[in-house]
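Scroll down for the structure; my scribbles are underneath it.
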Amino acid sequence: MPMPSELDLIRSLYEYNSRIRSLYLKAIWKLPPRERYRDRGASFPSLADIYLHVLDAYRLWFDEVYARGPQPDWYPLGVKLTLAEASRETHAIDRRVLRVIKSIRPKDLNKNFALPKRWKSPRPIQLRILLVHMIEEELQHRGEMNALLWQAGRNPPVTGYDD
């Protein structure tokens with residue numbers, strides 16, 4: 001069996017994260033609202049805030065940096081979305097991100113993208129670094145959501161990449 005290319009592995013990880021993200025969406029929105037929005041002193045106050053931050057991060061990197069669009073409107077901390085609203089947001093971001101991932105060619109991984117001017121960083125980011133950063137970003141927050149779901153007395157949808 002041939003070894004997957006770098007781009008094949010990146011695509012596979014994005015597809016995996018997309019599938020698993022929907023399990024976290026369901027797990028978080030199954031919590032009573034008080035638990036879903038409780039400030040747990042994490043990177044963002046509540047489980048819902050952390051989940052929506054992950055979506056914001058994709059919008060930042062894929063809409064603003066990669067597509068060179070305007071700064072996105074961030075989800076306000078504490079916003080109380082219904083499951084249907086959160087699902088709609090999740091699916092919209094998944095569609096955009098996976099469309100980009102499927103369109104990338106191996107040589108595109110070397111392309112550089114300017115960072116937002118407000119960051120005052122003269123260094124651009126290489127596409128392969130941007131893509132790997134987003135994998136790491138989501139995994140870091142997923143681990144955080146696991147711990148917070150356990151604190152809320154719920155089992156998170158812990159999965160393995162090869163399951």
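Ordering of the structure tokens sets the chain letters (A, B, ...), residue numbers begin anew at 1 in every chain, and ligands are numbered from 1 in the order given.
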
Next on the checklist: Which residues are near range 56-63 of chain A? Cut-off 9 Å, only C-alpha atoms, ignore same chain within fewer than 4 positions. Put them as a PyMOL selection string.
Outcome noted: chain A and resi 51-52+67-75+93-94+96-97+100+130-131+134+137-138

Pull C-alpha atoms from the residues just selected and write them as a PDB file, in the first residue's frame.
```
ATOM      1  CA  TYR A  51     -17.093  25.267  20.156  1.00  0.00           C
ATOM      2  CA  LEU A  52     -18.034  28.531  18.425  1.00  0.00           C
ATOM      3  CA  ALA A  67      -9.656  33.905   0.647  1.00  0.00           C
ATOM      4  CA  ARG A  68      -8.330  37.399   1.478  1.00  0.00           C
ATOM      5  CA  GLY A  69     -11.787  38.481   2.606  1.00  0.00           C
ATOM      6  CA  PRO A  70     -12.840  40.945   5.289  1.00  0.00           C
ATOM      7  CA  GLN A  71     -12.464  40.264   8.986  1.00  0.00           C
ATOM      8  CA  PRO A  72     -15.351  37.988   9.980  1.00  0.00           C
ATOM      9  CA  ASP A  73     -17.974  38.958  12.510  1.00  0.00           C
ATOM     10  CA  TRP A  74     -17.110  36.884  15.576  1.00  0.00           C
ATOM     11  CA  TYR A  75     -19.693  34.957  17.539  1.00  0.00           C
ATOM     12  CA  ILE A  93     -18.189  26.394   7.640  1.00  0.00           C
ATOM     13  CA  ASP A  94     -17.606  22.709   6.872  1.00  0.00           C
ATOM     14  CA  ARG A  96     -16.426  26.195   2.761  1.00  0.00           C
ATOM     15  CA  VAL A  97     -13.412  24.573   4.405  1.00  0.00           C
ATOM     16  CA  VAL A 100     -10.956  24.639  -0.202  1.00  0.00           C
ATOM     17  CA  LEU A 130      -1.988  27.371   8.066  1.00  0.00           C
ATOM     18  CA  LEU A 131      -3.596  23.985   7.381  1.00  0.00           C
ATOM     19  CA  MET A 134      -5.971  24.543  12.148  1.00  0.00           C
ATOM     20  CA  GLU A 137      -6.167  24.325  16.954  1.00  0.00           C
ATOM     21  CA  GLU A 138      -9.193  22.068  16.758  1.00  0.00           C
TER      22      GLU A 138
END
```

Checklist entry - Which residues in range 57-159 of chain A does DSSP call strand (DSSP E or B)? List them as a PyMOL selection string. => result chain A and resi 112-113+125-126

Those residues you just picked out, can you put them in a file as a tab-separated table (two decimals), in the first residue's frame with all heavy atoms?
```tsv
chain	number	residue	atom	x	y	z
A	112	ASN	N	2.27	31.44	-0.02
A	112	ASN	CA	2.26	32.28	1.18
A	112	ASN	C	1.05	33.20	1.17
A	112	ASN	O	0.65	33.68	0.10
A	112	ASN	CB	3.55	33.11	1.26
A	112	ASN	CG	4.74	32.25	1.60
A	112	ASN	OD1	4.71	31.49	2.56
A	112	ASN	ND2	5.78	32.35	0.80
A	113	PHE	N	0.53	33.46	2.36
A	113	PHE	CA	-0.63	34.33	2.52
A	113	PHE	C	-0.31	35.38	3.57
A	113	PHE	O	0.23	35.06	4.64
A	113	PHE	CB	-1.86	33.52	2.94
A	113	PHE	CG	-2.32	32.59	1.86
A	113	PHE	CD1	-1.75	31.34	1.71
A	113	PHE	CD2	-3.30	32.99	0.98
A	113	PHE	CE1	-2.16	30.49	0.69
A	113	PHE	CE2	-3.72	32.14	-0.04
A	113	PHE	CZ	-3.14	30.89	-0.18
A	125	ILE	N	2.15	33.61	6.06
A	125	ILE	CA	2.05	32.23	6.51
A	125	ILE	C	1.95	31.33	5.29
A	125	ILE	O	1.21	31.63	4.35
A	125	ILE	CB	0.86	32.02	7.48
A	125	ILE	CG1	0.92	30.62	8.09
A	125	ILE	CG2	-0.47	32.30	6.79
A	125	ILE	CD1	-0.02	30.43	9.28
A	126	GLN	N	2.71	30.26	5.31
A	126	GLN	CA	2.66	29.29	4.23
A	126	GLN	C	1.40	28.44	4.39
A	126	GLN	O	1.00	28.10	5.51
A	126	GLN	CB	3.91	28.41	4.28
A	126	GLN	CG	4.12	27.56	3.06
A	126	GLN	CD	5.40	26.77	3.16
A	126	GLN	OE1	5.58	26.00	4.08
A	126	GLN	NE2	6.29	26.98	2.18
```

Next on the checklist: So that I can check the surroundings of Pro157 in chain A, please list as a PyMOL selection string every protein, DNA and RNA residue that reaches within 8 Å of it, counting only C-alpha atoms and ignoring chain neighbours fewer than 5 positions away.
Outcome noted: chain A and resi 20+23-24+27+146

Output file for the selection above: all heavy atoms, as a compact mmCIF listing (two decimals), in the first residue's frame:
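And here is the file that came out, out-v8.txt:
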```txt
# COMPACT_ATOMS: atom_id res chain seq x y z
N ILE A 20 -16.14 14.48 13.21
CA ILE A 20 -16.12 14.44 14.67
C ILE A 20 -16.72 15.71 15.26
O ILE A 20 -17.39 15.67 16.30
CB ILE A 20 -14.69 14.19 15.19
CG1 ILE A 20 -14.12 12.89 14.62
CG2 ILE A 20 -14.64 14.22 16.71
CD1 ILE A 20 -15.02 11.69 14.75
N LEU A 23 -20.23 15.47 16.17
CA LEU A 23 -20.50 14.72 17.40
C LEU A 23 -20.37 15.62 18.63
O LEU A 23 -21.14 15.49 19.59
CB LEU A 23 -19.55 13.52 17.52
CG LEU A 23 -19.64 12.48 16.41
CD1 LEU A 23 -18.58 11.39 16.62
CD2 LEU A 23 -21.03 11.90 16.29
N TYR A 24 -19.41 16.53 18.60
CA TYR A 24 -19.24 17.48 19.71
C TYR A 24 -20.39 18.46 19.75
O TYR A 24 -20.89 18.80 20.82
CB TYR A 24 -17.89 18.19 19.62
CG TYR A 24 -16.80 17.32 20.16
CD1 TYR A 24 -16.19 16.35 19.37
CD2 TYR A 24 -16.40 17.39 21.49
CE1 TYR A 24 -15.22 15.50 19.87
CE2 TYR A 24 -15.43 16.55 22.00
CZ TYR A 24 -14.84 15.61 21.18
OH TYR A 24 -13.89 14.77 21.70
N ALA A 27 -23.19 16.64 21.40
CA ALA A 27 -22.93 16.40 22.83
C ALA A 27 -23.10 17.69 23.63
O ALA A 27 -23.70 17.68 24.72
CB ALA A 27 -21.52 15.84 23.02
N ASN A 146 -13.41 17.89 25.93
CA ASN A 146 -13.51 16.59 26.60
C ASN A 146 -13.50 16.78 28.12
O ASN A 146 -14.36 16.25 28.83
CB ASN A 146 -12.36 15.67 26.21
CG ASN A 146 -12.49 15.09 24.82
OD1 ASN A 146 -13.53 15.17 24.19
ND2 ASN A 146 -11.41 14.51 24.34
```

Item to check | Pick from A:His91, A:Ile129, A:Leu139, A:Thr82 nearest to Asp108 in chain A, counting only C-alpha atoms | outcome: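 Residue with the minimum atom-to-atom distance to Asp108 in chain A: A:Ile129.
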
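Contact shell of Arg11 in chain A at 10 Å (only C-alpha atoms; same-chain neighbours under 2 positions omitted): A:Ser5, A:Glu6, A:Leu7, A:Asp8, A:Leu9, A:Leu13, A:Tyr14, A:Glu15, A:Tyr16, A:Asn17, A:Leu98, A:Val100, A:Ile101, A:Lys102, A:Ile104, A:Leu131.
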
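Among the candidate residues A:Arg99, A:Arg19, A:Ile28, A:Leu77, the one lying nearest to Asn155 in chain A is A:Ile28, with distances computed using only C-alpha atoms.
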
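Nearest residue to Gln151 in chain A among A:Leu31, A:Ile10, A:Val65, A:Met3 is A:Leu31, counting only C-alpha atoms.
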
Checklist entry - What is the distance, in Å and to one decimal place, between CA of Pro32 in chain A and CA of Leu55 in chain A? => result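 Spanning CA of Pro32 in chain A to CA of Leu55 in chain A is a straight-line distance of 21.5 Å.
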
Next on the checklist: Based on the backbone DSSP call, show me all residues of chain A assigned alpha helix (DSSP H), as a ChimeraX atom specification.
Outcome noted: /A:6-30,33-36,47-58,83-103,127-151

Checklist entry - Can you list, as an MDAnalysis selection string, every protein, DNA or RNA residue that comes within 8 Å of range 86-88 of chain A when you count only C-alpha atoms, leaving out same-chain residues fewer than 4 positions away? => result chainID A and resid 22 25 81:82 92

Next on the checklist: Give me the residues near Asp39 in chain A as number ranges by chain, where near means some atom within 12 Å (using only C-alpha atoms) and where sequence neighbours in that chain fewer than 2 positions away do not count.
Outcome noted: A: 33-37, 41-50, 77-78, 148, 151-152

Output all heavy atoms for every residue in that selection, as a compact mmCIF listing (two decimals), in the first residue's frame.
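The resulting file, part_31.txt, is reproduced below:
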```txt
# COMPACT_ATOMS: atom_id res chain seq x y z
N PRO A 33 -29.16 24.04 29.05
CA PRO A 33 -28.55 25.35 28.75
C PRO A 33 -27.65 25.88 29.86
O PRO A 33 -26.59 26.44 29.58
CB PRO A 33 -29.75 26.26 28.51
CG PRO A 33 -30.82 25.33 28.01
CD PRO A 33 -30.60 24.03 28.76
N ARG A 34 -28.05 25.70 31.10
CA ARG A 34 -27.23 26.19 32.20
C ARG A 34 -25.83 25.58 32.18
O ARG A 34 -24.84 26.26 32.44
CB ARG A 34 -27.92 25.90 33.53
CG ARG A 34 -27.38 26.74 34.68
CD ARG A 34 -28.10 26.44 35.93
NE ARG A 34 -27.49 25.18 36.42
CZ ARG A 34 -27.81 24.58 37.53
NH1 ARG A 34 -28.75 25.04 38.29
NH2 ARG A 34 -27.21 23.48 37.90
N GLU A 35 -25.74 24.28 31.87
CA GLU A 35 -24.43 23.60 31.79
C GLU A 35 -23.68 23.99 30.52
O GLU A 35 -22.47 24.13 30.53
CB GLU A 35 -24.63 22.08 31.85
CG GLU A 35 -25.04 21.57 33.20
CD GLU A 35 -24.01 21.87 34.28
OE1 GLU A 35 -22.80 21.61 34.05
OE2 GLU A 35 -24.42 22.38 35.34
N ARG A 36 -24.40 24.14 29.43
CA ARG A 36 -23.80 24.48 28.14
C ARG A 36 -23.11 25.84 28.19
O ARG A 36 -22.07 26.05 27.57
CB ARG A 36 -24.89 24.49 27.06
CG ARG A 36 -24.39 24.69 25.66
CD ARG A 36 -25.52 24.71 24.64
NE ARG A 36 -26.58 23.77 24.97
CZ ARG A 36 -27.87 24.03 24.84
NH1 ARG A 36 -28.29 25.18 24.35
NH2 ARG A 36 -28.78 23.13 25.18
N TYR A 37 -23.72 26.77 28.95
CA TYR A 37 -23.20 28.15 28.98
C TYR A 37 -22.50 28.51 30.29
O TYR A 37 -22.13 29.66 30.48
CB TYR A 37 -24.34 29.13 28.70
CG TYR A 37 -24.93 28.92 27.33
CD1 TYR A 37 -26.18 28.33 27.17
CD2 TYR A 37 -24.21 29.25 26.18
CE1 TYR A 37 -26.71 28.10 25.91
CE2 TYR A 37 -24.73 29.03 24.92
CZ TYR A 37 -25.97 28.46 24.79
OH TYR A 37 -26.48 28.22 23.53
N GLY A 41 -14.08 28.70 33.23
CA GLY A 41 -12.73 29.23 33.39
C GLY A 41 -11.72 28.65 32.41
O GLY A 41 -10.55 28.56 32.72
N ALA A 42 -12.18 28.27 31.24
CA ALA A 42 -11.30 27.67 30.24
C ALA A 42 -10.81 28.74 29.27
O ALA A 42 -10.94 29.93 29.53
CB ALA A 42 -12.05 26.55 29.53
N SER A 43 -10.29 28.32 28.12
CA SER A 43 -9.76 29.28 27.15
C SER A 43 -10.84 30.26 26.71
O SER A 43 -10.55 31.42 26.41
CB SER A 43 -9.19 28.55 25.94
OG SER A 43 -10.21 27.86 25.24
N PHE A 44 -12.07 29.80 26.64
CA PHE A 44 -13.25 30.62 26.42
C PHE A 44 -14.22 30.18 27.50
O PHE A 44 -14.16 29.04 27.97
CB PHE A 44 -13.80 30.44 25.00
CG PHE A 44 -12.88 31.03 23.98
CD1 PHE A 44 -11.79 30.31 23.51
CD2 PHE A 44 -13.05 32.33 23.53
CE1 PHE A 44 -10.91 30.86 22.60
CE2 PHE A 44 -12.18 32.90 22.62
CZ PHE A 44 -11.10 32.16 22.16
N PRO A 45 -15.12 31.05 27.96
CA PRO A 45 -15.86 30.74 29.18
C PRO A 45 -16.62 29.41 29.19
O PRO A 45 -16.46 28.63 30.12
CB PRO A 45 -16.82 31.92 29.32
CG PRO A 45 -16.13 33.05 28.60
CD PRO A 45 -15.39 32.40 27.47
N SER A 46 -17.41 29.13 28.18
CA SER A 46 -18.30 27.96 28.24
C SER A 46 -17.97 26.96 27.14
O SER A 46 -17.24 27.26 26.19
CB SER A 46 -19.75 28.40 28.10
OG SER A 46 -20.01 28.81 26.77
N LEU A 47 -18.57 25.78 27.25
CA LEU A 47 -18.42 24.78 26.19
C LEU A 47 -18.92 25.33 24.86
O LEU A 47 -18.27 25.15 23.83
CB LEU A 47 -19.21 23.52 26.56
CG LEU A 47 -18.45 22.52 27.43
CD1 LEU A 47 -19.41 21.63 28.18
CD2 LEU A 47 -17.50 21.72 26.57
N ALA A 48 -20.06 25.99 24.86
CA ALA A 48 -20.59 26.57 23.62
C ALA A 48 -19.63 27.62 23.07
O ALA A 48 -19.41 27.68 21.85
CB ALA A 48 -21.97 27.16 23.86
N ASP A 49 -19.06 28.44 23.94
CA ASP A 49 -18.11 29.46 23.49
C ASP A 49 -16.87 28.84 22.84
O ASP A 49 -16.36 29.33 21.83
CB ASP A 49 -17.68 30.37 24.65
CG ASP A 49 -18.78 31.28 25.13
OD1 ASP A 49 -19.60 31.75 24.31
OD2 ASP A 49 -18.82 31.53 26.36
N ILE A 50 -16.36 27.77 23.44
CA ILE A 50 -15.19 27.09 22.87
C ILE A 50 -15.53 26.51 21.51
O ILE A 50 -14.77 26.66 20.55
CB ILE A 50 -14.67 26.00 23.83
CG1 ILE A 50 -14.17 26.62 25.14
CG2 ILE A 50 -13.54 25.19 23.16
CD1 ILE A 50 -13.96 25.62 26.26
N LEU A 77 -19.26 36.17 22.78
CA LEU A 77 -19.23 35.27 23.93
C LEU A 77 -20.61 35.23 24.57
O LEU A 77 -21.28 36.25 24.70
CB LEU A 77 -18.19 35.73 24.96
CG LEU A 77 -16.73 35.58 24.55
CD1 LEU A 77 -15.82 36.15 25.63
CD2 LEU A 77 -16.37 34.14 24.24
N GLY A 78 -21.03 34.04 24.93
CA GLY A 78 -22.32 33.88 25.59
C GLY A 78 -23.51 33.85 24.66
O GLY A 78 -24.64 33.73 25.13
N LEU A 148 -14.15 19.41 29.90
CA LEU A 148 -15.32 20.14 30.39
C LEU A 148 -16.59 19.31 30.33
O LEU A 148 -17.46 19.43 31.21
CB LEU A 148 -15.48 21.46 29.63
CG LEU A 148 -14.29 22.43 29.78
CD1 LEU A 148 -14.54 23.68 28.96
CD2 LEU A 148 -14.02 22.76 31.23
N GLN A 151 -16.39 17.19 33.32
CA GLN A 151 -16.77 17.99 34.50
C GLN A 151 -18.29 18.14 34.60
O GLN A 151 -18.82 18.21 35.70
CB GLN A 151 -16.16 19.39 34.44
CG GLN A 151 -14.70 19.46 34.77
CD GLN A 151 -14.17 20.88 34.67
OE1 GLN A 151 -14.93 21.83 34.46
NE2 GLN A 151 -12.86 21.03 34.81
N ALA A 152 -18.96 18.19 33.46
CA ALA A 152 -20.42 18.34 33.44
C ALA A 152 -21.12 16.99 33.63
O ALA A 152 -22.34 16.90 33.54
CB ALA A 152 -20.87 18.98 32.13
```
